[in-house]
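All remarks here apply to the structure that follows.
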4 protein chains.
Amino acid sequence: MTDFDSITDQLAEQAIEVPSWAYGNSGTRFRVFTTPGTPRTVFEKLADAAQVNAYTGLAPKVALHYPWDKVDDWSEVVDFAAEVGVGLGTVNSNTFQDEDYKFGSLAHHDPAVRQKAIDHHLECIEIMDKIGSRDLKIWLADGTNYPGQGDIRRRQDWLADSLAKIYAHIGPEQRLVLEYKFFEPSFYHTDVPDWGTSYTQVAALGERAVVCLDTGHHAPGTNIEFIVAQLLRLGKLGSFDFNSRFYADDDLIVGAADPFQLFRILWEVRRGGGFEKSTGVAFMLDQCHNIEDKIPGQIRSVLNVQEMTARALMVDADALEAAQLAGDVLGANEILMDAFYTDVRPQLAQWRASRGFPADPMNAFADSGYLARIAEERVGGTQAGWGA
Amino acid sequence: MTDFDSITDQLAEQAIEVPSWAYGNSGTRFRVFTTPGTPRTVFEKLADAAQVNAYTGLAPKVALHYPWDKVDDWSEVVDFAAEVGVGLGTVNSNTFQDEDYKFGSLAHHDPAVRQKAIDHHLECIEIMDKIGSRDLKIWLADGTNYPGQGDIRRRQDWLADSLAKIYAHIGPEQRLVLEYKFFEPSFYHTDVPDWGTSYTQVAALGERAVVCLDTGHHAPGTNIEFIVAQLLRLGKLGSFDFNSRFYADDDLIVGAADPFQLFRILWEVRRGGGFEKSTGVAFMLDQCHNIEDKIPGQIRSVLNVQEMTARALMVDADALEAAQLAGDVLGANEILMDAFYTDVRPQLAQWRASRGFPADPMNAFADSGYLARIAEERVGGTQAGWGA
Amino acid sequence: MTDFDSITDQLAEQAIEVPSWAYGNSGTRFRVFTTPGTPRTVFEKLADAAQVNAYTGLAPKVALHYPWDKVDDWSEVVDFAAEVGVGLGTVNSNTFQDEDYKFGSLAHHDPAVRQKAIDHHLECIEIMDKIGSRDLKIWLADGTNYPGQGDIRRRQDWLADSLAKIYAHIGPEQRLVLEYKFFEPSFYHTDVPDWGTSYTQVAALGERAVVCLDTGHHAPGTNIEFIVAQLLRLGKLGSFDFNSRFYADDDLIVGAADPFQLFRILWEVRRGGGFEKSTGVAFMLDQCHNIEDKIPGQIRSVLNVQEMTARALMVDADALEAAQLAGDVLGANEILMDAFYTDVRPQLAQWRASRGFPADPMNAFADSGYLARIAEERVGGTQAGWGA
Amino acid sequence: MTDFDSITDQLAEQAIEVPSWAYGNSGTRFRVFTTPGTPRTVFEKLADAAQVNAYTGLAPKVALHYPWDKVDDWSEVVDFAAEVGVGLGTVNSNTFQDEDYKFGSLAHHDPAVRQKAIDHHLECIEIMDKIGSRDLKIWLADGTNYPGQGDIRRRQDWLADSLAKIYAHIGPEQRLVLEYKFFEPSFYHTDVPDWGTSYTQVAALGERAVVCLDTGHHAPGTNIEFIVAQLLRLGKLGSFDFNSRFYADDDLIVGAADPFQLFRILWEVRRGGGFEKSTGVAFMLDQCHNIEDKIPGQIRSVLNVQEMTARALMVDADALEAAQLAGDVLGANEILMDAFYTDVRPQLAQWRASRGFPADPMNAFADSGYLARIAEERVGGTQAGWGA
């Protein structure tokens, strides 16, 4: 197995984008439980996100959701972010919370609604220009609930047309990232349900259009690491939305439901060169902390990715290849499992400390009293959530 | 195949309980879309539900959700229901929308929260006594999101204890009906995830405790009609919550996603004697009309159940048994399919008309102008939804 | 709804390819049950397949599996087929039953095994040339059972390379059709698991390479009609392997498990122009009659496709489009359901009779005594199955 | 976390029954690949199984399958087992490989077939008496492939009747263990599809009838550890059939597909007292080594169970309970994960060596040359498989 010391350079480069909305409230259709101290503004979200980076060094950038994070003056946001020590990352559009979008947005049957959704994305690009963001991430709630409700075929053409109009405005250093999702909130058909659809749509656009793989957006049993390998091979893996799931799009903490799956995914990232800067793969979280504390939930998440990345980097790739070529099923499997079963936590703790970070970020943050402080300070106003 | 004329007596007895909450707004965690004219009070919900019965004769009773349908004086509700021509049915408890229930209710680790949830159910029983309701339906959101979060084993004991305390107050003519659900809103474990758990819990309580089978609450691929057959055999099928699904608990219109499954379910109901009054099986809808009109959505639903019941009643049971005993796989299957493929709609239309109902209830309701009227009249106030 | 009379021209053109192997024995890993009269040779298979066509007029062509259907002299097969009144269709390769293929074939890590598998396909093309077959269908059992066992990424490249070598031999009027399958017989990863992989592989080959969609080869809950619509849109839907499933790749009679799904699939075929000859879509069965009689099982299957095609053709497409564009969810759904619920069987029976076919092909075949005859005649020898 | 040293007494008691059939060939419906040296007799199977125990000390007993392991004189088997150092465990009946069982066995519609299947089980009990076996394990392939084919309800009654007749012969120190399975080889309905059915059937029999939980026999997404907790609570968890799966009943090496799930299962075993001898829970493997070497596959399997048991035993149960009662979601989860992420392999290796076993059983066995020896010696005859 590869020595821990020889992977620290790669670990030092790891950066995981955190979503501004993870610091606000979220829940299920049954109930959104609240937490004292929940941010009321994008500034408070950034302040919270900055904590994650301060304690781990893993989360230098924050992804925004628009219009959830709408402000009058974006330069204030840029300045504030710099002040608290984080950068601004991906801009996520939102075309699912306006009454006009009841039957879709970029794939809507009404050209006026499609235009409205296109315009929203152009607005997002303007913001990207202002804040220096590279990626426009598009997740669509478009779809139908009942067979016959929509024209599946034509909606795909409308979608292609809408995307082309947005892509025309994507800058030379920017990217359009198209996410796919198996189902929800649509319950019969989804206009971008799988990687194949996202791939064929972005391939039709051009080089700066890529796919976003959300680890919770697949059918039961789907081999996600295969898709990772395939998209890297096709040069179209734009970004990850990390989270975990037992059933549907549960949006639990990444690695919580199936740590071995996360390991296999990160192994295929390594195998396909996805950790190399040149591939441009963005590693992001997209989670809901419905019942657990939000900032610790985020710290736990980036640590999970870090720990599993360490294991993936420690796989003895040469020995693995030799066993694979020898048809040694059990031997090859054991080489992979050896890295997975290795407890990297003590070495990571030491290494973190050596770089000036707390050995145990979870405890260090808990001891900081930050949660109590914001609970006390942030009184009044409206807590941020998915609706605002 | 059995003649349509010989099943009309059974059809005439069919009664499908409709849920008061189906007339209010509902949606997903992403968005609750509204509709003009949505009820603001339980009275307006009852008025809307009465339309379904008026046009179909199929929905004489309305199930209530407490405290969503809370009023000061229940006699007013009873009177109003009688006035608009419907009765009051099952009372559904709600222990998932209070901050105290963040980690559960009847299975919560804190005895104070369990007691609060028990008290809520006793309050429901008091209301049942006032309005003459037979069934207390308990669906629990109890569960956990992360492995280790809760003590699965002990929670089961706590649940048993809480249920026993509630059951002690169930009147001699009343029933406690325990629903099970595979997942959501809990994403790791659910305290009543399957029929086996619901069955063993109610079996421990006594004769007046039975199981509610919600057709959307199973793992992918589950043979639901088998469970129907089994629960009828065990004498514990208390009620149905009808709806349909493609993926998770989509809560679509019953029969919309897989009409053949609905047929097979109703066939096993017939096979197991579940249409006979003596078995006490309650047939209810539990659906969300997120994007379609609510009253027509309910009319469509009860018609779907009626149409499929007609098909199930028309199966030539004697021929089927003969083919089964002869090991004639294709022959037996064809006998069942023959009834399923029979278009019962024209005969049902005629029969409806003969009883003084519109032949085409969907069109008749649309022509009535009711939706436009309530959209105009119900201005101001807060539309009812899952939160109120 | 479209009148039955106006769709008979299209129905008259319908042709469903039947698989030679459906007439031999098949089963599960637990047991292959036998049937008296099962064919021992490809000639007896063709004789049985000819019965299906004789009674329905729906199955003019028989697909072959090589080497299961291996003979010394292919001209004898061509002559015999003509004699019994059927043509020869798709040639299906087989690279999963030789010890060399234990770890794969076209994606195997050993170049010698890959070459052997490539050569097998070139042999298939030679046979196609001899028998006038258009399509080479490739279904691969390639994959791995354990994480780490194989190099997912490199295997994809090996596969691409192998396919290119085969494609180079595909004649100008021939096609390479690549099937995908979610899992089985591989249980960790499959080298062609989804339509996206099959599509990107055949797109890299050229115009005469297309995708085969087997209706049983998807993850639970997959919206198959969406894939149909997408592949038709991309011009890459080469063929269907029809069957049905409740759980995995059950290979039951098409339409048996979810007739409404079959309807939705055929509706999208119509919507995307897939019934037009110019699209070249091949409609095939790929089923296992493990416990039911094989020839009646096949007759039932082609009738199911015919009946559901009739329903799909009768959808009032104009009214549907109008309802869709009006955002009339329930109205659009009802238009689709109207066609599905229409009992087309009486009209089809009449139409069949008018064309000289039995009104009830199942009964007519049963009455013919054919099964008893072959049970008596085909004594001795080895019954054909998947292994021979 | 609990110290390793304090769990070694419990580890020393661990015993995992291995299945005789795992040493024979197995495969899929597509192909059974063979391995040189595969046993041809039950004696050779026992010799191979004894290797697993010799190298690990974990597998003192071998489960038999009847009639696969049929012999004329059972005393020879008992003597041979003792000689090679293993005992004989559970007897598994087989009512799925005779032509008579095409439509079922204990739930068959024909009383003659049911009686034949009952008699087979009585024969198994006679063998149990001869070889001193405690458990009769019944897994049924009974079910149907097509809706209507069988009478689901009546088959359940027939099954109950058949089981009662078998149970009447179960000795006072013996147990009837009823396995359930979601699907396969039946593809529409299974007569014992879930734990609820198995539970209600054995509960009706009496105290010496219990449930077998095969980890591969559930619907996608099922929370298996919940069932473990529930069956232990109900006093009806008789035994485990360990294996792992990504999709269906893949029968892969236990722990290979989802090691975290195995950990959670074993944690609930500990939580529910299932490791205590008094509960009588039998831990067995039931796997197929389709492509990997069989004996090493079995060694890997018992080691996986041992390693994961060690982790489950090391969970700090007191700290976990405290965190649970405090509603500390992330804290409780972390306590559980801490044990899971601990690499117990070095300590286990040392402990093994201290007890006279090889520190690395996989390597030690590989070095022994046993596989080469049996490949050389076992020439001629028919290799054992599922069919013989």
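As shown in the structure tokens, the chain order sets the letters A, B, ...; within each chain, residues go from 1, and ligands are also counted from 1 in the order they appear.
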
Hey, could you make a per-residue contact list for chain D against chain B with 7 Å as the cut-off, showing the nearest pair of atoms and its distance in Å to one decimal, counting only C-alpha atoms, sorted by chain and number, as JSON lines?
{"residue": "D:His109", "atom": "CA", "partner": "B:Leu325", "partner_atom": "CA", "distance": 6.1}
{"residue": "D:Tyr146", "atom": "CA", "partner": "B:Asn333", "partner_atom": "CA", "distance": 6.3}
{"residue": "D:Pro147", "atom": "CA", "partner": "B:Asn333", "partner_atom": "CA", "distance": 5.9}
{"residue": "D:Gly148", "atom": "CA", "partner": "B:Asn333", "partner_atom": "CA", "distance": 4.7}
{"residue": "D:Gln149", "atom": "CA", "partner": "B:Val329", "partner_atom": "CA", "distance": 5.2}
{"residue": "D:Gly150", "atom": "CA", "partner": "B:Gln324", "partner_atom": "CA", "distance": 5.5}
{"residue": "D:Ile152", "atom": "CA", "partner": "B:Phe226", "partner_atom": "CA", "distance": 6.8}
{"residue": "D:Arg153", "atom": "CA", "partner": "B:Ala229", "partner_atom": "CA", "distance": 5.6}
{"residue": "D:His189", "atom": "CA", "partner": "B:Asn223", "partner_atom": "CA", "distance": 6.8}
{"residue": "D:Trp195", "atom": "CA", "partner": "B:Gly196", "partner_atom": "CA", "distance": 6.9}
{"residue": "D:Gly196", "atom": "CA", "partner": "B:Gly196", "partner_atom": "CA", "distance": 4.2}
{"residue": "D:Ala219", "atom": "CA", "partner": "B:Ala219", "partner_atom": "CA", "distance": 6.0}
{"residue": "D:Pro220", "atom": "CA", "partner": "B:Pro220", "partner_atom": "CA", "distance": 6.4}
{"residue": "D:Gly221", "atom": "CA", "partner": "B:Ala219", "partner_atom": "CA", "distance": 6.8}
{"residue": "D:Thr222", "atom": "CA", "partner": "B:Ala219", "partner_atom": "CA", "distance": 6.9}
{"residue": "D:Asn223", "atom": "CA", "partner": "B:His189", "partner_atom": "CA", "distance": 6.8}
{"residue": "D:Phe226", "atom": "CA", "partner": "B:Ile152", "partner_atom": "CA", "distance": 6.8}
{"residue": "D:Ala229", "atom": "CA", "partner": "B:Arg153", "partner_atom": "CA", "distance": 5.6}
{"residue": "D:Gln230", "atom": "CA", "partner": "B:Arg153", "partner_atom": "CA", "distance": 6.9}
{"residue": "D:Gln324", "atom": "CA", "partner": "B:Gly150", "partner_atom": "CA", "distance": 5.5}
{"residue": "D:Leu325", "atom": "CA", "partner": "B:His109", "partner_atom": "CA", "distance": 6.0}
{"residue": "D:Val329", "atom": "CA", "partner": "B:Gln149", "partner_atom": "CA", "distance": 5.1}
{"residue": "D:Ala332", "atom": "CA", "partner": "B:Gln149", "partner_atom": "CA", "distance": 5.3}
{"residue": "D:Asn333", "atom": "CA", "partner": "B:Gly148", "partner_atom": "CA", "distance": 4.7}
{"residue": "D:Leu336", "atom": "CA", "partner": "B:Gly148", "partner_atom": "CA", "distance": 5.7}

Find the residues near Gln350 in chain A: any atom within 7 Å, counting only C-alpha atoms, skip ones fewer than 4 places away on the same chain, and give them as a count of residues only.
-> 3

Range 4-20 of chain B environment, 9 Å, only C-alpha atoms, sequence neighbours closer than 6 positions dropped, as a PyMOL selection string | chain B and resi 42+45-46+48-49+52+57-65+69+88-90+275+282-287+298+302+305-306+309-311+313-314+344+347-348+351

Please, which residues of range 63-256 of chain A, numbered as in this document, come out alpha helix (DSSP H) from DSSP, as a ChimeraX atom specification?
-> /A:74-84,111-131,152-167,195-205,224-233

Output as number ranges by chain all residues of range 148-363 of chain A that backbone DSSP marks as strand (DSSP E or B).
-> A: 175-179, 189-190, 209-214, 237-242, 244, 252, 282-285

Find the distance between CA of His169 in chain B and CA of Leu122 in chain B and write it in Å to one decimal.
->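 Between CA of His169 in chain B and CA of Leu122 in chain B the gap works out to 7.1 Å.
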